[in-house]
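These notes concern the structure reproduced below.
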Amino acid sequence: MSDSPPTGRGAASSDAPTVDVAAMPSVLARIARLSFRYPGRLTLTVFLTIGAAAASLTLPRLFGRSVDQATHLLSGGGALADAARHALLISAGLVILATVMRGFLTMAAGYQGEYLSQQVALDLRLQFFQQLQRLSFGFHDKIHSGDLITRGMLDLEGTRIFIQQGMLQAASLVLLLGFTSYMMIATDPVMAAIGLGFVPIAGFALARMGFLLRVTWLKVQQLMSALTLTMEENLQGIRVVRAFAGKRFEMGKFDTAGNAALAFAYRRILLRFRGVSAMQLSFYASQGLLLAYGGHKVAAGQISVGRLTEFLTYLTILQAPIRQIAMIFNSAARATSSGARLFEVLDLKPEVADAADAKPLAPTQGVLRFEHVDFRYDRGGKQVLSDISFEVRPGRTLGIVGPPGSGKSTIANLAPRFYDVTGGRITIDGADIREVTLASLREYVGLVQQEAFLFDASVGHNVAYADPWAEDERIVGAAKTAQIHEHIAALPEAYDTRVGERGVALSGGQRQRMSIARGVVPGPGIMIFDDSTAAIDAVTERKVRDGLAHATRTKATIIIAHRLSSLMHADEIVVLDDGRVVERGDHAALLAAGGTYAELYELQSRAASDLEQAVVNPAALRQEAGV
């Protein structure tokens with residue numbers, strides 16, 4: 001299976017979300033099997049549950065015997081009364097002991113069940129996070145990160161909770177209902193039928209309520225996602241909203257989404273009260289009928305008051321677990337949809353992975369070669385690269401330039417094998433990169449991307465991310481190469497200063513220079529700079545270029561840029577257009593050829609000249625423009 005984006009089966013993405021009933025047995029069975037990894041704790045939980053049920057089932061007999069003893073106490077006298085009083089005290093003590101044991105065993109079973117489910121959740125959480133690290137870029141390109149966070153948090157919690165609130169609660173219910181029914185039927189089948197008459201009615205009503213609550217919750221979840229998205233976009237674009245006076249429009253969107261969620265929340269309340277009302281009505285009806293029939297038998301002397309009390313106590317004990325039916329069905333339905341979404345990601349196979357016989361890269365010279373490389377992102381999609389060939393040797397620099405969409409960044413992503421080529425091959429010292437381990441390849445091929453992502457950590461940790469054990473001298477040296485050391489040194493805590501979420505405390509150019517420093521620290525054998533100086537001013541860029549020229553003087557280097565000043569010094573420049581090489585040569589040769597590169601150079605030179613004139617003599621520029 002490839003790592004194509006999940007379809008979201010069971011997700012609340014449609015207008016009428018449903019629970020996939022057909023998938024329920026397989027998904028729930030898979031969740032249950034996760035708990036079998038801890039047989040000792042599962043066995044202990046089951047035994048504690050059985051013990052709690054057994055302790056509960058002793059109470060009706062004890063209460064019934066106590067009532068009969070109290071009756072004898074009231075009707076007897078002398079030695080008979082003393083014997084009844086003594087027996088009543090013993091029964092009272094046994095009731096207290098049974099109640100304490102039931103409470104302790106129920107608490108212990110609940111604790112062990114929670115512990116077991118949390119352990120399963122930890123396993124799933126680690127598997128899910130590890131899977132996200134394994135899945136290829138093609139997967140992450142096509143799925144929203146918010147959806148993955150939802151799967152890894154809400155869906156994982158919905159999967160976990162089934163073990164405690166579904167599987168173990170169902171086991172407790174079956175034990176109590178089974179043993180209670182057996183003991184009641186064995187004592188008096190007619191009274192058992194009357195007393196247990198509420199069970200199927202209440203069970204159906206509560207099961208239906210639990211299932212429908214889950215369906216409506218899926219819709220609420222969908223609407224809350226829309227509400228969250230509205231809020232997230234508003235917060236991220238708050239300056240745009242304020243600048244264009246969009247407050248009323250944004251409030252309208254939020255109000256619409258909020259009211260839709262509220263309407264379904266009301267529906268959930270109605271469903272809950274309908275189910276609970278049906279359960280209580282059927283329970284009290286059975287209890288009333290049992291009192292009438294049992295009272296008649298007591299009056300006729302066919303049974304004792306204690307026996308009637310015993311039956312009534314059985315009903316009272318059953319009421320609590322029967323209520324749990326709604327929770328059991330709700331958790332089962334939730335686990336079906338949540339588990340399906342979670343397992344959908346866990347079952348994906350990465351498109352880019354180590355071959356079965358992959359070996360670590362063992363470079364000798366460090367020569368990177370593209371040999372007639374073709375590439376497209378999707379099967380049957382547009383051809384992004386066609387017949388791309390070039391070679392970069394250590395100590396040499398290759399420049400790549402071209403209009404947007406020409407395939408420059410794709411080349412940068414293919415070298416460390418973020419994607420696999422669809423034609424041709426890429427080699428390092430003659431070894432196809434598909435035949436070496438990804439870890440060794442990406443240690444050797446360093447890529448500095450245009451998007452300078454920084455973690456909410458210290459400056460030093462961000463620079464040394466690729467090599468957390470790097471010495472301070474290497475970190476400072478990399479920062480000096482990227483022309484960011486002086487700025488860092490001036491920060492309140494220098495290299496220990498936190499940069500804030502996504503590097504919000506730094507400017508765009510500073511973030512890019514931090515990213516360059518991070519790429520230099522590990523000292524990879526091949527360096528690729530993908531428009532990594534786009535946000536840096538021309539003067540600083542020249543200093544950075546000089547520093548990088550020294551740092552990469554013994555490495556094969558690729559520089560991808562829009563500004564020709566960033567790669568004019570390259571030993572060879574490749575000009576791309578629509579995924580094909582249309583020109584190649586050094587700067588002077590390409591200018592002399594008068595082709596695409598020469599036109600681009602003239603255009604950028606004229607733009608720079610116009611900008612300089614605007615700064616020096618703005619009045620002349622306005623006059624030339626006819627203003």
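Please note that chains go A, B, ... in the order of the structure tokens, that every chain numbers its residues from 1, and that ligands are numbered from 1 in the order shown.
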Once DSSP has gone over the backbone, tell me which residues of range 402-485 of chain A are in helix (DSSP H, G or I), as a PyMOL selection string. chain A and resi 408-414+433-435+438-444+459-463+472-481+485
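Counting only C-alpha atoms and comparing A:Gly424, A:Gly594, A:Gly178, A:Gly579, the residue that lies closest to Leu57 in chain A is A:Gly178.
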Distance of CA of Ala431 in chain A from CA of Val521 in chain A, expressed in Å to one decimal place: 25.4 Å
Can you tell me which residues surround range 483-499 of chain A at a distance of at most 8 Å, considering only C-alpha atoms, apart from same-chain residues fewer than 5 positions away, and format the answer as a list in words?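 The filter keeps Leu454, Phe455, Asp456, Ala457, Ser458, Val459, Gly460, Val476, Val504, Ala505, Leu506, Gln510, Arg513, Met514, Thr540, Lys543, Val544 and Gly547 of chain A.
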Create the file for the chosen residues now, containing all heavy atoms and written as a short mmCIF file (atom, residue, chain, number, x, y, z; two decimals), in the first residue's frame.
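Dumped everything to part28.cif:
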```cif
data_model
loop_
_atom_site.label_atom_id
_atom_site.label_comp_id
_atom_site.auth_asym_id
_atom_site.auth_seq_id
_atom_site.Cartn_x
_atom_site.Cartn_y
_atom_site.Cartn_z
N LEU A 454 11.84 27.36 12.20
CA LEU A 454 12.57 27.30 13.45
C LEU A 454 11.68 26.76 14.55
O LEU A 454 10.48 27.06 14.58
CB LEU A 454 13.09 28.69 13.84
CG LEU A 454 14.07 29.36 12.86
CD1 LEU A 454 14.47 30.73 13.37
CD2 LEU A 454 15.30 28.49 12.63
N PHE A 455 12.26 25.98 15.45
CA PHE A 455 11.52 25.42 16.56
C PHE A 455 11.47 26.42 17.71
O PHE A 455 12.35 27.29 17.84
CB PHE A 455 12.16 24.11 17.02
CG PHE A 455 12.15 23.03 15.99
CD1 PHE A 455 13.22 22.86 15.11
CD2 PHE A 455 11.07 22.18 15.87
CE1 PHE A 455 13.22 21.87 14.16
CE2 PHE A 455 11.05 21.17 14.91
CZ PHE A 455 12.13 21.02 14.05
N ASP A 456 10.45 26.26 18.55
CA ASP A 456 10.32 27.13 19.72
C ASP A 456 11.32 26.67 20.78
O ASP A 456 10.96 26.03 21.78
CB ASP A 456 8.89 27.10 20.26
CG ASP A 456 8.69 28.10 21.40
OD1 ASP A 456 9.60 28.93 21.63
OD2 ASP A 456 7.64 28.05 22.06
N ALA A 457 12.58 26.93 20.52
CA ALA A 457 13.66 26.53 21.42
C ALA A 457 14.72 27.63 21.39
O ALA A 457 14.50 28.70 20.81
CB ALA A 457 14.24 25.18 20.98
N SER A 458 15.85 27.37 21.99
CA SER A 458 16.90 28.38 22.01
C SER A 458 17.55 28.49 20.64
O SER A 458 17.44 27.60 19.79
CB SER A 458 17.96 28.02 23.05
OG SER A 458 18.66 26.86 22.66
N VAL A 459 18.24 29.60 20.43
CA VAL A 459 18.96 29.81 19.18
C VAL A 459 19.98 28.70 18.96
O VAL A 459 20.10 28.13 17.88
CB VAL A 459 19.66 31.19 19.19
CG1 VAL A 459 20.61 31.33 18.00
CG2 VAL A 459 18.65 32.31 19.19
N GLY A 460 20.72 28.36 20.04
CA GLY A 460 21.73 27.32 19.93
C GLY A 460 21.16 25.97 19.54
O GLY A 460 21.72 25.27 18.71
N VAL A 476 29.06 28.40 16.76
CA VAL A 476 29.41 29.81 16.53
C VAL A 476 30.01 29.98 15.13
O VAL A 476 29.71 30.95 14.42
CB VAL A 476 30.40 30.30 17.61
CG1 VAL A 476 30.93 31.69 17.27
CG2 VAL A 476 29.73 30.31 18.97
N VAL A 504 9.20 33.59 15.56
CA VAL A 504 8.48 34.85 15.40
C VAL A 504 9.30 36.04 15.89
O VAL A 504 9.07 37.18 15.49
CB VAL A 504 7.13 34.77 16.16
CG1 VAL A 504 7.35 34.73 17.67
CG2 VAL A 504 6.21 35.93 15.78
N ALA A 505 10.30 35.78 16.75
CA ALA A 505 11.10 36.88 17.29
C ALA A 505 12.16 37.35 16.30
O ALA A 505 12.86 38.33 16.58
CB ALA A 505 11.77 36.44 18.60
N LEU A 506 12.29 36.69 15.15
CA LEU A 506 13.32 37.04 14.18
C LEU A 506 12.67 37.50 12.88
O LEU A 506 11.55 37.14 12.56
CB LEU A 506 14.22 35.83 13.90
CG LEU A 506 14.93 35.21 15.11
CD1 LEU A 506 15.63 33.93 14.69
CD2 LEU A 506 15.93 36.19 15.71
N GLN A 510 16.74 37.01 9.02
CA GLN A 510 17.44 36.38 10.15
C GLN A 510 17.10 34.90 10.24
O GLN A 510 17.97 34.07 10.52
CB GLN A 510 17.09 37.11 11.45
CG GLN A 510 17.68 38.51 11.53
CD GLN A 510 17.05 39.34 12.64
OE1 GLN A 510 16.03 38.96 13.20
NE2 GLN A 510 17.65 40.49 12.92
N ARG A 513 19.07 33.07 7.61
CA ARG A 513 20.48 32.91 7.98
C ARG A 513 20.64 31.86 9.08
O ARG A 513 21.62 31.12 9.10
CB ARG A 513 21.07 34.25 8.41
CG ARG A 513 21.42 35.16 7.21
CD ARG A 513 22.00 36.46 7.64
NE ARG A 513 20.95 37.38 8.08
CZ ARG A 513 21.18 38.45 8.83
NH1 ARG A 513 22.40 38.72 9.27
NH2 ARG A 513 20.19 39.25 9.16
N MET A 514 19.66 31.79 10.00
CA MET A 514 19.68 30.73 11.02
C MET A 514 19.57 29.37 10.35
O MET A 514 20.23 28.40 10.74
CB MET A 514 18.52 30.94 11.99
CG MET A 514 18.72 32.06 12.98
SD MET A 514 19.47 31.49 14.50
CE MET A 514 18.13 30.53 15.18
N THR A 540 24.23 41.74 2.65
CA THR A 540 24.41 40.60 3.55
C THR A 540 24.53 39.31 2.76
O THR A 540 25.30 38.41 3.12
CB THR A 540 23.24 40.50 4.54
OG1 THR A 540 23.10 41.74 5.23
CG2 THR A 540 23.46 39.38 5.55
N LYS A 543 28.02 38.70 1.70
CA LYS A 543 28.85 38.23 2.82
C LYS A 543 28.57 36.76 3.10
O LYS A 543 29.49 35.97 3.37
CB LYS A 543 28.59 39.07 4.07
CG LYS A 543 29.02 40.53 3.94
CD LYS A 543 28.70 41.29 5.21
CE LYS A 543 29.10 42.76 5.09
NZ LYS A 543 28.77 43.52 6.32
N VAL A 544 27.27 36.39 3.08
CA VAL A 544 26.91 35.00 3.30
C VAL A 544 27.51 34.12 2.21
O VAL A 544 28.04 33.03 2.48
CB VAL A 544 25.38 34.83 3.33
CG1 VAL A 544 24.99 33.36 3.36
CG2 VAL A 544 24.79 35.54 4.54
N GLY A 547 31.13 33.59 2.82
CA GLY A 547 31.33 32.66 3.93
C GLY A 547 31.04 31.23 3.51
O GLY A 547 31.76 30.29 3.89
#
```
Point-to-point distance from CA of Tyr314 in chain A to CA of Thr180 in chain A, Å rounded to tenths: 6.8 Å
Spatial neighbours of Ala332 in chain A, max dist 12 Å, only C-alpha atoms, sep filter under 5 positions, as a tab-separated table (two decimals) with C-alpha atoms, in the first residue's frame:
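So part24.tsv came out as:
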```tsv
chain	number	residue	atom	x	y	z
A	19	VAL	CA	-20.64	5.14	11.69
A	20	ASP	CA	-19.40	2.34	9.43
A	21	VAL	CA	-21.35	-0.52	11.02
A	23	ALA	CA	-16.36	-2.19	9.82
A	24	MET	CA	-17.33	-2.28	13.50
A	25	PRO	CA	-16.47	-5.95	14.26
A	26	SER	CA	-13.02	-5.85	12.66
A	27	VAL	CA	-12.05	-2.46	14.11
A	28	LEU	CA	-13.27	-3.29	17.63
A	29	ALA	CA	-11.58	-6.69	17.51
A	31	ILE	CA	-8.59	-2.57	19.40
A	32	ALA	CA	-9.35	-5.40	21.82
A	158	GLY	CA	-11.65	7.55	21.19
A	159	THR	CA	-9.82	4.33	20.38
A	160	ARG	CA	-8.28	4.01	23.83
A	161	ILE	CA	-11.42	4.64	25.80
A	162	PHE	CA	-13.21	1.67	24.22
A	163	ILE	CA	-11.00	-0.71	26.22
A	164	GLN	CA	-12.18	0.78	29.49
A	165	GLN	CA	-15.70	2.05	28.77
A	166	GLY	CA	-16.60	-0.48	26.11
A	167	MET	CA	-14.84	-3.82	26.38
A	168	LEU	CA	-14.44	-4.03	30.17
A	169	GLN	CA	-17.83	-2.44	30.90
A	170	ALA	CA	-19.45	-4.92	28.54
A	207	ALA	CA	-28.18	1.23	22.79
A	210	GLY	CA	-25.60	5.64	22.48
A	211	PHE	CA	-25.29	4.94	18.76
A	212	LEU	CA	-27.20	8.07	17.72
A	213	LEU	CA	-25.22	10.17	20.18
A	214	ARG	CA	-22.08	9.11	18.38
A	215	VAL	CA	-23.54	9.95	14.98
A	325	ILE	CA	-25.31	0.18	27.74
A	326	ALA	CA	-25.52	3.68	26.29
A	327	MET	CA	-21.88	4.29	27.18
A	337	SER	CA	-14.92	5.74	13.49
A	338	SER	CA	-11.86	6.89	15.45
A	339	GLY	CA	-10.05	3.57	15.20
A	340	ALA	CA	-10.67	3.34	11.45
```
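With distances restricted to only C-alpha atoms, A:Met209 is the closest residue to Ala333 in chain A from A:Ala192, A:Leu346, A:Ala320, A:Met209.
We find CA of Arg274 in chain A and CA of Gln319 in chain A to be spaced 16.7 Å apart.
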At a cut-off of 8 Å, using only C-alpha atoms, what residues contact Val345 in chain A? Leave out same-chain residues fewer than 2 positions from it and give the result as a list in words.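 My list of contacting residues is Pro6, Phe128, Gln131, Arg341, Leu342, Phe343, Asp347 and Leu348 of chain A.
Distances here use only C-alpha atoms; by that measure, the residue among A:Gly525, A:Gly258, A:Gly288, A:Pro416 closest to Thr364 in chain A is A:Gly525.
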Using only C-alpha atoms, which residues of range 163-251 of chain A come within 12 Å of range 298-308 of chain A, and what is the closest atom pair for each, with the distance in Å to one decimal? Give it as a tab-separated table, sorted by chain and residue number.
```
residue	atom	partner	partner_atom	distance
A:Met184	CA	A:Arg307	CA	10.3
A:Thr187	CA	A:Arg307	CA	9.0
A:Asp188	CA	A:Arg307	CA	9.7
A:Met191	CA	A:Leu308	CA	9.0
A:Ala192	CA	A:Leu308	CA	10.9
A:Gly195	CA	A:Leu308	CA	10.7
```
DSSP on the backbone: which residues in range 373-402 of chain A end up as strand (DSSP E)? Give the answer as an NGL selection string. :A and (373-375 or 385-392 or 397-401)
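Using only C-alpha atoms, the nearest neighbour of Asp378 in chain A within the list A:Ile322, A:Leu567, A:Val421, A:Ala589 is A:Val421.
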